[in-house]
>>> print(open('target20.pdb').read())   # PDB, C-alpha atoms
ATOM      1  CA  MET J   1      22.963  -0.868 -29.708  1.00  0.00           C
ATOM      2  CA  SER J   2      20.493   2.023 -29.698  1.00  0.00           C
ATOM      3  CA  PRO J   3      20.832   4.302 -26.630  1.00  0.00           C
ATOM      4  CA  THR J   4      17.128   3.744 -25.936  1.00  0.00           C
ATOM      5  CA  MET J   5      17.267  -0.040 -26.197  1.00  0.00           C
ATOM      6  CA  GLU J   6      18.515  -2.401 -23.512  1.00  0.00           C
ATOM      7  CA  GLU J   7      20.180  -5.717 -24.256  1.00  0.00           C
ATOM      8  CA  GLY J   8      17.613  -8.115 -25.635  1.00  0.00           C
ATOM      9  CA  GLY J   9      15.853  -5.333 -27.544  1.00  0.00           C
ATOM     10  CA  GLU J  10      13.789  -3.903 -24.690  1.00  0.00           C
ATOM     11  CA  ASN J  11      12.851  -0.234 -24.953  1.00  0.00           C
ATOM     12  CA  SER J  12      14.373   1.830 -22.118  1.00  0.00           C
ATOM     13  CA  ASP J  13      13.426   5.295 -23.396  1.00  0.00           C
ATOM     14  CA  PRO J  14      11.424   6.885 -20.534  1.00  0.00           C
ATOM     15  CA  LEU J  15       9.260   8.724 -23.075  1.00  0.00           C
ATOM     16  CA  THR J  16       8.009   5.532 -24.709  1.00  0.00           C
ATOM     17  CA  CYS J  17       9.028   2.476 -22.669  1.00  0.00           C
ATOM     18  CA  PRO J  18       6.236   0.307 -21.247  1.00  0.00           C
ATOM     19  CA  ILE J  19       5.835  -0.321 -17.525  1.00  0.00           C
ATOM     20  CA  ILE J  20       6.872  -3.944 -17.149  1.00  0.00           C
ATOM     21  CA  PRO J  21       5.149  -5.701 -14.237  1.00  0.00           C
ATOM     22  CA  GLY J  22       7.572  -6.880 -11.577  1.00  0.00           C
ATOM     23  CA  ARG J  23      10.252  -4.312 -12.464  1.00  0.00           C
ATOM     24  CA  GLU J  24      11.061  -0.778 -11.415  1.00  0.00           C
ATOM     25  CA  THR J  25      10.467   1.381 -14.476  1.00  0.00           C
ATOM     26  CA  THR J  26      11.215   5.065 -15.062  1.00  0.00           C
ATOM     27  CA  ILE J  27       8.846   6.922 -17.367  1.00  0.00           C
ATOM     28  CA  GLU J  28       8.733  10.544 -18.485  1.00  0.00           C
ATOM     29  CA  ILE J  29       5.451  12.424 -18.862  1.00  0.00           C
ATOM     30  CA  ASN J  30       5.101  15.944 -20.245  1.00  0.00           C
ATOM     31  CA  LYS J  31       2.458  17.635 -18.073  1.00  0.00           C
ATOM     32  CA  GLY J  32       1.587  20.448 -20.427  1.00  0.00           C
ATOM     33  CA  LYS J  33      -1.310  22.707 -19.447  1.00  0.00           C
ATOM     34  CA  ALA J  34      -3.506  19.781 -18.383  1.00  0.00           C
ATOM     35  CA  GLY J  35      -1.344  18.835 -15.414  1.00  0.00           C
ATOM     36  CA  LEU J  36      -0.267  15.331 -14.458  1.00  0.00           C
ATOM     37  CA  GLY J  37      -3.836  14.273 -13.584  1.00  0.00           C
ATOM     38  CA  VAL J  38      -3.349  11.641 -10.892  1.00  0.00           C
ATOM     39  CA  SER J  39      -4.385  11.245  -7.275  1.00  0.00           C
ATOM     40  CA  ILE J  40      -2.533   9.135  -4.741  1.00  0.00           C
ATOM     41  CA  VAL J  41      -3.309   7.062  -1.680  1.00  0.00           C
ATOM     42  CA  GLY J  42      -1.071   5.786   1.104  1.00  0.00           C
ATOM     43  CA  GLY J  43       2.295   6.969   2.372  1.00  0.00           C
ATOM     44  CA  SER J  44       4.642   5.990   5.186  1.00  0.00           C
ATOM     45  CA  ASP J  45       2.111   7.336   7.713  1.00  0.00           C
ATOM     46  CA  SER J  46      -0.621   4.951   6.520  1.00  0.00           C
ATOM     47  CA  LEU J  47      -1.179   1.200   6.810  1.00  0.00           C
ATOM     48  CA  LEU J  48      -0.191   0.814   3.161  1.00  0.00           C
ATOM     49  CA  ASP J  49       3.286   2.237   3.941  1.00  0.00           C
ATOM     50  CA  ALA J  50       3.663   3.032   0.229  1.00  0.00           C
ATOM     51  CA  VAL J  51       2.539   5.746  -2.206  1.00  0.00           C
ATOM     52  CA  LEU J  52       0.134   4.292  -4.773  1.00  0.00           C
ATOM     53  CA  VAL J  53      -1.708   5.775  -7.742  1.00  0.00           C
ATOM     54  CA  HIS J  54      -5.382   5.987  -6.776  1.00  0.00           C
ATOM     55  CA  THR J  55      -6.988   7.624  -9.826  1.00  0.00           C
ATOM     56  CA  VAL J  56      -5.772   8.568 -13.311  1.00  0.00           C
ATOM     57  CA  TYR J  57      -8.030  11.385 -14.516  1.00  0.00           C
ATOM     58  CA  GLU J  58      -9.152  11.366 -18.144  1.00  0.00           C
ATOM     59  CA  GLN J  59      -8.193  14.979 -18.834  1.00  0.00           C
ATOM     60  CA  GLY J  60      -4.666  14.732 -17.406  1.00  0.00           C
ATOM     61  CA  ALA J  61      -1.318  14.098 -19.038  1.00  0.00           C
ATOM     62  CA  ALA J  62      -0.932  10.675 -17.405  1.00  0.00           C
ATOM     63  CA  ALA J  63      -4.156   9.425 -19.012  1.00  0.00           C
ATOM     64  CA  LYS J  64      -3.109  10.727 -22.413  1.00  0.00           C
ATOM     65  CA  ASP J  65       0.274   9.054 -21.969  1.00  0.00           C
ATOM     66  CA  GLY J  66      -1.556   5.822 -21.142  1.00  0.00           C
ATOM     67  CA  ARG J  67       1.122   3.970 -19.185  1.00  0.00           C
ATOM     68  CA  LEU J  68       0.313   4.794 -15.553  1.00  0.00           C
ATOM     69  CA  TRP J  69      -2.409   2.685 -13.905  1.00  0.00           C
ATOM     70  CA  PRO J  70      -4.278   2.854 -10.601  1.00  0.00           C
ATOM     71  CA  GLY J  71      -2.427   0.660  -8.112  1.00  0.00           C
ATOM     72  CA  ASP J  72       1.045   1.424  -9.473  1.00  0.00           C
ATOM     73  CA  ARG J  73       3.491   2.235  -6.679  1.00  0.00           C
ATOM     74  CA  ILE J  74       5.373   5.529  -7.119  1.00  0.00           C
ATOM     75  CA  LEU J  75       8.947   5.068  -5.899  1.00  0.00           C
ATOM     76  CA  SER J  76      10.385   8.437  -6.915  1.00  0.00           C
ATOM     77  CA  VAL J  77       9.505  11.670  -8.700  1.00  0.00           C
ATOM     78  CA  ASN J  78      12.322  13.439 -10.555  1.00  0.00           C
ATOM     79  CA  ASN J  79      14.855  11.499  -8.427  1.00  0.00           C
ATOM     80  CA  HIS J  80      13.078  12.540  -5.214  1.00  0.00           C
ATOM     81  CA  SER J  81      12.478   9.264  -3.384  1.00  0.00           C
ATOM     82  CA  LEU J  82       8.954   8.582  -2.098  1.00  0.00           C
ATOM     83  CA  ARG J  83       9.821   5.186  -0.577  1.00  0.00           C
ATOM     84  CA  HIS J  84       9.557   6.603   2.939  1.00  0.00           C
ATOM     85  CA  ALA J  85       7.490   9.732   2.221  1.00  0.00           C
ATOM     86  CA  THR J  86       4.321  10.529   4.146  1.00  0.00           C
ATOM     87  CA  HIS J  87       1.100  11.172   2.220  1.00  0.00           C
ATOM     88  CA  ASP J  88       1.457  14.953   2.558  1.00  0.00           C
ATOM     89  CA  GLU J  89       5.135  14.867   1.548  1.00  0.00           C
ATOM     90  CA  ALA J  90       4.287  12.878  -1.578  1.00  0.00           C
ATOM     91  CA  ILE J  91       1.536  15.333  -2.530  1.00  0.00           C
ATOM     92  CA  GLU J  92       3.929  18.255  -2.063  1.00  0.00           C
ATOM     93  CA  VAL J  93       6.533  16.633  -4.321  1.00  0.00           C
ATOM     94  CA  LEU J  94       3.966  15.946  -7.052  1.00  0.00           C
ATOM     95  CA  ARG J  95       2.552  19.468  -6.845  1.00  0.00           C
ATOM     96  CA  ASN J  96       5.976  21.042  -7.381  1.00  0.00           C
ATOM     97  CA  THR J  97       7.010  19.056 -10.438  1.00  0.00           C
ATOM     98  CA  PRO J  98       8.197  20.905 -13.560  1.00  0.00           C
ATOM     99  CA  GLY J  99       6.752  20.385 -17.035  1.00  0.00           C
ATOM    100  CA  ARG J 100       8.614  17.133 -17.573  1.00  0.00           C
ATOM    101  CA  VAL J 101       8.033  14.565 -14.853  1.00  0.00           C
ATOM    102  CA  HIS J 102      10.200  11.483 -14.374  1.00  0.00           C
ATOM    103  CA  LEU J 103       8.370   8.819 -12.368  1.00  0.00           C
ATOM    104  CA  THR J 104       9.973   5.607 -11.160  1.00  0.00           C
ATOM    105  CA  VAL J 105       7.152   3.147 -10.563  1.00  0.00           C
ATOM    106  CA  HIS J 106       6.606  -0.513  -9.752  1.00  0.00           C
ATOM    107  CA  ARG J 107       3.652  -2.565 -10.945  1.00  0.00           C
ATOM    108  CA  ASP J 108       2.954  -5.917  -9.316  1.00  0.00           C
ATOM    109  CA  GLU J 109       3.016  -8.659 -11.945  1.00  0.00           C
ATOM    110  CA  ASN J 110       0.105 -10.428 -10.217  1.00  0.00           C
ATOM    111  CA  ARG J 111      -1.745  -7.251  -9.277  1.00  0.00           C
ATOM    112  CA  TRP J 112      -5.074  -8.031 -10.886  1.00  0.00           C
ATOM    113  CA  GLY J 113      -5.234 -11.481  -9.311  1.00  0.00           C
ATOM    114  CA  SER J 114      -4.164 -10.412  -5.823  1.00  0.00           C
ATOM    115  CA  ARG J 115      -5.758  -7.015  -5.273  1.00  0.00           C
ATOM    116  CA  SER J 116      -8.606  -8.349  -3.155  1.00  0.00           C
ATOM    117  CA  GLU J 117      -6.106 -10.166  -0.943  1.00  0.00           C
ATOM    118  CA  SER J 118      -3.936  -7.106  -0.452  1.00  0.00           C
ATOM    119  CA  ASP J 119      -6.275  -4.163   0.020  1.00  0.00           C
ATOM    120  CA  VAL J 120      -6.240  -2.773   3.533  1.00  0.00           C
ATOM    121  CA  TYR J 121      -9.033  -0.242   3.097  1.00  0.00           C
ATOM    122  CA  ASP J 122     -12.350  -0.190   1.284  1.00  0.00           C
ATOM    123  CA  ILE J 123     -12.672   2.976  -0.833  1.00  0.00           C
ATOM    124  CA  TYR J 124     -15.999   4.645  -1.548  1.00  0.00           C
ATOM    125  CA  ASP J 125     -16.965   7.763  -3.507  1.00  0.00           C
ATOM    126  CA  VAL J 126     -19.284   9.931  -1.408  1.00  0.00           C
ATOM    127  CA  GLN J 127     -20.982  13.127  -2.591  1.00  0.00           C
ATOM    128  CA  LEU J 128     -21.455  15.756   0.125  1.00  0.00           C
ATOM    129  CA  VAL J 129     -23.806  18.722  -0.267  1.00  0.00           C
ATOM    130  CA  LYS J 130     -22.850  21.731   1.851  1.00  0.00           C
ATOM    131  CA  LYS J 131     -25.731  23.857   3.080  1.00  0.00           C
ATOM    132  CA  SER J 132     -25.369  27.621   3.190  1.00  0.00           C
ATOM    133  CA  GLY J 133     -23.981  28.836   6.496  1.00  0.00           C
ATOM    134  CA  ARG J 134     -23.032  25.367   7.677  1.00  0.00           C
ATOM    135  CA  GLY J 135     -19.842  23.372   7.610  1.00  0.00           C
ATOM    136  CA  LEU J 136     -19.658  19.778   6.468  1.00  0.00           C
ATOM    137  CA  GLY J 137     -19.323  18.615  10.064  1.00  0.00           C
ATOM    138  CA  LEU J 138     -16.677  15.987   9.487  1.00  0.00           C
ATOM    139  CA  SER J 139     -13.005  15.449  10.129  1.00  0.00           C
ATOM    140  CA  ILE J 140     -10.455  13.305   8.323  1.00  0.00           C
ATOM    141  CA  VAL J 141      -9.249  10.296  10.280  1.00  0.00           C
ATOM    142  CA  GLY J 142      -7.220   7.205   9.529  1.00  0.00           C
ATOM    143  CA  ARG J 143      -3.721   8.653   9.828  1.00  0.00           C
ATOM    144  CA  LYS J 144      -1.515   6.216  11.677  1.00  0.00           C
ATOM    145  CA  GLN J 145      -0.829   7.334  15.230  1.00  0.00           C
ATOM    146  CA  GLU J 146       2.056   6.262  17.407  1.00  0.00           C
ATOM    147  CA  LYS J 147       0.588   3.721  19.810  1.00  0.00           C
ATOM    148  CA  LYS J 148       2.102   1.385  22.337  1.00  0.00           C
ATOM    149  CA  ALA J 149       2.274  -2.307  21.555  1.00  0.00           C
ATOM    150  CA  VAL J 150       0.028  -4.583  23.598  1.00  0.00           C
ATOM    151  CA  ASP J 151       0.195  -8.314  24.221  1.00  0.00           C
ATOM    152  CA  ILE J 152      -2.830 -10.444  23.372  1.00  0.00           C
ATOM    153  CA  GLU J 153      -2.826 -14.031  24.591  1.00  0.00           C
ATOM    154  CA  LEU J 154      -4.929 -16.471  22.588  1.00  0.00           C
ATOM    155  CA  HIS J 155      -5.603 -20.140  23.204  1.00  0.00           C
ATOM    156  CA  ARG J 156      -5.976 -22.061  19.980  1.00  0.00           C
ATOM    157  CA  GLY J 157      -8.955 -24.424  20.018  1.00  0.00           C
ATOM    158  CA  SER J 158     -10.612 -26.621  17.428  1.00  0.00           C
ATOM    159  CA  ASP J 159     -11.673 -23.514  15.452  1.00  0.00           C
ATOM    160  CA  GLY J 160      -8.086 -22.239  15.184  1.00  0.00           C
ATOM    161  CA  LEU J 161      -6.869 -18.698  15.776  1.00  0.00           C
ATOM    162  CA  GLY J 162      -9.654 -17.248  13.644  1.00  0.00           C
ATOM    163  CA  PHE J 163      -7.966 -14.423  11.745  1.00  0.00           C
ATOM    164  CA  SER J 164      -6.111 -13.793   8.484  1.00  0.00           C
ATOM    165  CA  ILE J 165      -3.121 -11.584   7.733  1.00  0.00           C
ATOM    166  CA  VAL J 166      -1.963  -9.305   4.931  1.00  0.00           C
ATOM    167  CA  GLY J 167       1.339  -7.649   4.025  1.00  0.00           C
ATOM    168  CA  GLY J 168       4.879  -8.866   4.518  1.00  0.00           C
ATOM    169  CA  HIS J 169       8.275  -8.418   2.908  1.00  0.00           C
ATOM    170  CA  GLY J 170       7.970  -8.556  -0.885  1.00  0.00           C
ATOM    171  CA  SER J 171       4.189  -8.036  -0.904  1.00  0.00           C
ATOM    172  CA  PRO J 172       2.471  -6.650  -4.041  1.00  0.00           C
ATOM    173  CA  HIS J 173       2.665  -3.142  -2.532  1.00  0.00           C
ATOM    174  CA  GLY J 174       6.281  -3.433  -1.413  1.00  0.00           C
ATOM    175  CA  ASP J 175       7.899  -4.408   1.868  1.00  0.00           C
ATOM    176  CA  LEU J 176       5.122  -4.050   4.439  1.00  0.00           C
ATOM    177  CA  PRO J 177       4.646  -5.043   8.076  1.00  0.00           C
ATOM    178  CA  ILE J 178       2.241  -7.862   8.900  1.00  0.00           C
ATOM    179  CA  TYR J 179      -1.328  -6.674   9.537  1.00  0.00           C
ATOM    180  CA  VAL J 180      -4.530  -8.392  10.600  1.00  0.00           C
ATOM    181  CA  LYS J 181      -6.711  -8.560   7.480  1.00  0.00           C
ATOM    182  CA  SER J 182      -9.866 -10.153   8.911  1.00  0.00           C
ATOM    183  CA  VAL J 183     -11.094 -11.479  12.247  1.00  0.00           C
ATOM    184  CA  PHE J 184     -13.489 -14.366  11.674  1.00  0.00           C
ATOM    185  CA  SER J 185     -16.723 -14.846  13.584  1.00  0.00           C
ATOM    186  CA  ILE J 186     -15.410 -18.048  15.147  1.00  0.00           C
ATOM    187  CA  GLY J 187     -11.991 -18.865  16.558  1.00  0.00           C
ATOM    188  CA  ALA J 188      -9.726 -17.798  19.401  1.00  0.00           C
ATOM    189  CA  ALA J 189      -9.513 -14.148  18.282  1.00  0.00           C
ATOM    190  CA  ALA J 190     -13.308 -13.774  18.223  1.00  0.00           C
ATOM    191  CA  VAL J 191     -13.602 -15.353  21.670  1.00  0.00           C
ATOM    192  CA  ASP J 192     -10.958 -12.989  23.097  1.00  0.00           C
ATOM    193  CA  GLY J 193     -12.461  -9.955  21.361  1.00  0.00           C
ATOM    194  CA  ARG J 194      -9.427  -7.652  21.368  1.00  0.00           C
ATOM    195  CA  LEU J 195      -7.821  -8.261  17.966  1.00  0.00           C
ATOM    196  CA  ARG J 196      -9.015  -5.894  15.230  1.00  0.00           C
ATOM    197  CA  ARG J 197      -8.662  -5.585  11.480  1.00  0.00           C
ATOM    198  CA  GLY J 198      -5.675  -3.345  10.717  1.00  0.00           C
ATOM    199  CA  ASP J 199      -3.731  -4.213  13.888  1.00  0.00           C
ATOM    200  CA  ARG J 200      -0.014  -4.615  13.141  1.00  0.00           C
ATOM    201  CA  ILE J 201       1.467  -7.866  14.435  1.00  0.00           C
ATOM    202  CA  VAL J 202       4.947  -7.193  15.807  1.00  0.00           C
ATOM    203  CA  SER J 203       5.785 -10.646  17.159  1.00  0.00           C
ATOM    204  CA  VAL J 204       4.401 -14.132  17.813  1.00  0.00           C
ATOM    205  CA  ASN J 205       5.456 -15.673  21.142  1.00  0.00           C
ATOM    206  CA  GLY J 206       8.458 -13.338  21.166  1.00  0.00           C
ATOM    207  CA  GLU J 207       9.458 -14.099  17.568  1.00  0.00           C
ATOM    208  CA  LYS J 208       9.707 -10.740  15.807  1.00  0.00           C
ATOM    209  CA  LEU J 209       8.113 -10.606  12.354  1.00  0.00           C
ATOM    210  CA  ASP J 210      10.265  -7.745  11.022  1.00  0.00           C
ATOM    211  CA  GLY J 211      11.327  -8.593   7.470  1.00  0.00           C
ATOM    212  CA  TYR J 212       9.127 -11.683   7.265  1.00  0.00           C
ATOM    213  CA  THR J 213       7.318 -12.531   4.053  1.00  0.00           C
ATOM    214  CA  HIS J 214       3.591 -13.255   4.189  1.00  0.00           C
ATOM    215  CA  GLU J 215       4.325 -16.984   4.005  1.00  0.00           C
ATOM    216  CA  GLU J 216       6.917 -16.845   6.797  1.00  0.00           C
ATOM    217  CA  ALA J 217       4.533 -14.964   9.082  1.00  0.00           C
ATOM    218  CA  ALA J 218       1.749 -17.443   8.332  1.00  0.00           C
ATOM    219  CA  GLU J 219       4.101 -20.301   9.156  1.00  0.00           C
ATOM    220  CA  ALA J 220       5.060 -18.650  12.459  1.00  0.00           C
ATOM    221  CA  LEU J 221       1.379 -18.553  13.383  1.00  0.00           C
ATOM    222  CA  LYS J 222       0.689 -22.102  12.242  1.00  0.00           C
ATOM    223  CA  ARG J 223       3.536 -23.787  14.091  1.00  0.00           C
ATOM    224  CA  ARG J 224       2.500 -22.499  17.508  1.00  0.00           C
ATOM    225  CA  VAL J 225       0.379 -25.197  19.087  1.00  0.00           C
ATOM    226  CA  SER J 226      -1.819 -23.956  21.937  1.00  0.00           C
ATOM    227  CA  ARG J 227      -0.862 -20.744  23.744  1.00  0.00           C
ATOM    228  CA  ILE J 228      -0.228 -17.813  21.414  1.00  0.00           C
ATOM    229  CA  VAL J 229       1.002 -14.409  22.587  1.00  0.00           C
ATOM    230  CA  LEU J 230       0.676 -11.750  19.901  1.00  0.00           C
ATOM    231  CA  ARG J 231       2.362  -8.386  20.358  1.00  0.00           C
ATOM    232  CA  VAL J 232       0.320  -5.954  18.284  1.00  0.00           C
ATOM    233  CA  VAL J 233       0.115  -2.226  17.626  1.00  0.00           C
ATOM    234  CA  PRO J 234      -3.572  -1.227  17.338  1.00  0.00           C
TER     235      PRO J 234
END
>>> encode(input="target20.pdb", output="structure tokens")
Amino acid sequence: MSPTMEEGGENSDPLTCPIIPGRETTIEINKGKAGLGVSIVGGSDSLLDAVLVHTVYEQGAAAKDGRLWPGDRILSVNNHSLRHATHDEAIEVLRNTPGRVHLTVHRDENRWGSRSESDVYDIYDVQLVKKSGRGLGLSIVGRKQEKKAVDIELHRGSDGLGFSIVGGHGSPHGDLPIYVKSVFSIGAAAVDGRLRRGDRIVSVNGEKLDGYTHEEAAEALKRRVSRIVLRVVP
């Protein structure tokens, strides 16, 4: 058997192997003078809790290589794990890579069909024009802060709880906590007024959701009849 072929004839050479959706794949990219040419989003200090490829720039080595796509999760860089890295730590690791870069990545096999269900943030390109002698007058926000959990008591009526969730163990972006995706205009959450998009749900009536899949968390919410106590981290 060829050293670059796995059983069954699959190419395992990091220089040429394809990224197979649903599997962790290690690829090698030669940066050259152009640089790697990718930007990232997320990190352990964000709601995504994972480092994802945001943009693959046309002039960079990754674009010329052709295998890395926006939305791919970067698990490690040259054996340096990014599974629990903050955004800044991930950037620092990528900046200090040598000419040959080994990336271990994971691509969700249903990514194109489920992206709209999984995105936590809306991303916009904004052009800012700086006037002479003036600053831009903005600050960067959105970094997750340590906040205390609060209890929100909801009473389910005929309109239901009135919110949807995202995330969970085994989600398209990895093993994530359970977050509030949307709060509908009708339902118990809208009547109460405290639950917000992006809130992390820690427990439902004392039942901790740590390690729950999306389906298990949804079931925990569905099987509670009337009085619901959500412990959330805003």
>>> closest_residue(input="target20.pdb", among="J:Ala217, J:Ile186, J:Ile20, J:Ala85", to="J:Val166", atoms="all atoms listed in the file")
J:Ala217
>>> resolve_selection(input="target20.pdb", expression="the PyMOL selection byres ((chain J and resi 32-40) around 7)", output="ChimeraX atom specification")
/J:30-31,41-42,51-57,59-62,99
>>> closest_residue(input="target20.pdb", among="J:Ala190, J:Ile152, J:Leu48, J:Leu161", to="J:Ser203", atoms="only C-alpha atoms")
J:Ile152
>>> atom_distance(input="target20.pdb", atom1="atom CA of J:His106", atom2="atom CA of J:Lys181")
23.2 Å
>>> atom_distance(input="target20.pdb", atom1="atom CA of J:Thr97", atom2="atom CA of J:Pro172")
26.9 Å
>>> resolve_selection(input="target20.pdb", expression="the PyMOL selection byres ((chain J and resi 183) around 7)", output="list in words")
Gly162, Phe163, Ser164, Ser182, Phe184, Ser185, Ala189, Ala190, Arg196 and Arg197 of chain J
>>> residues_near_point(input="target20.pdb", point="(10.7, 18.9, -15.2)", cutoff="12 Å", atoms="all atoms listed in the file", output="list in words")
Glu28, Ile29, Asn30, Lys31, Gly32, Leu36, Val77, Asn78, Asn79, Val93, Leu94, Arg95, Asn96, Thr97, Pro98, Gly99, Arg100, Val101, His102 and Leu103 of chain J
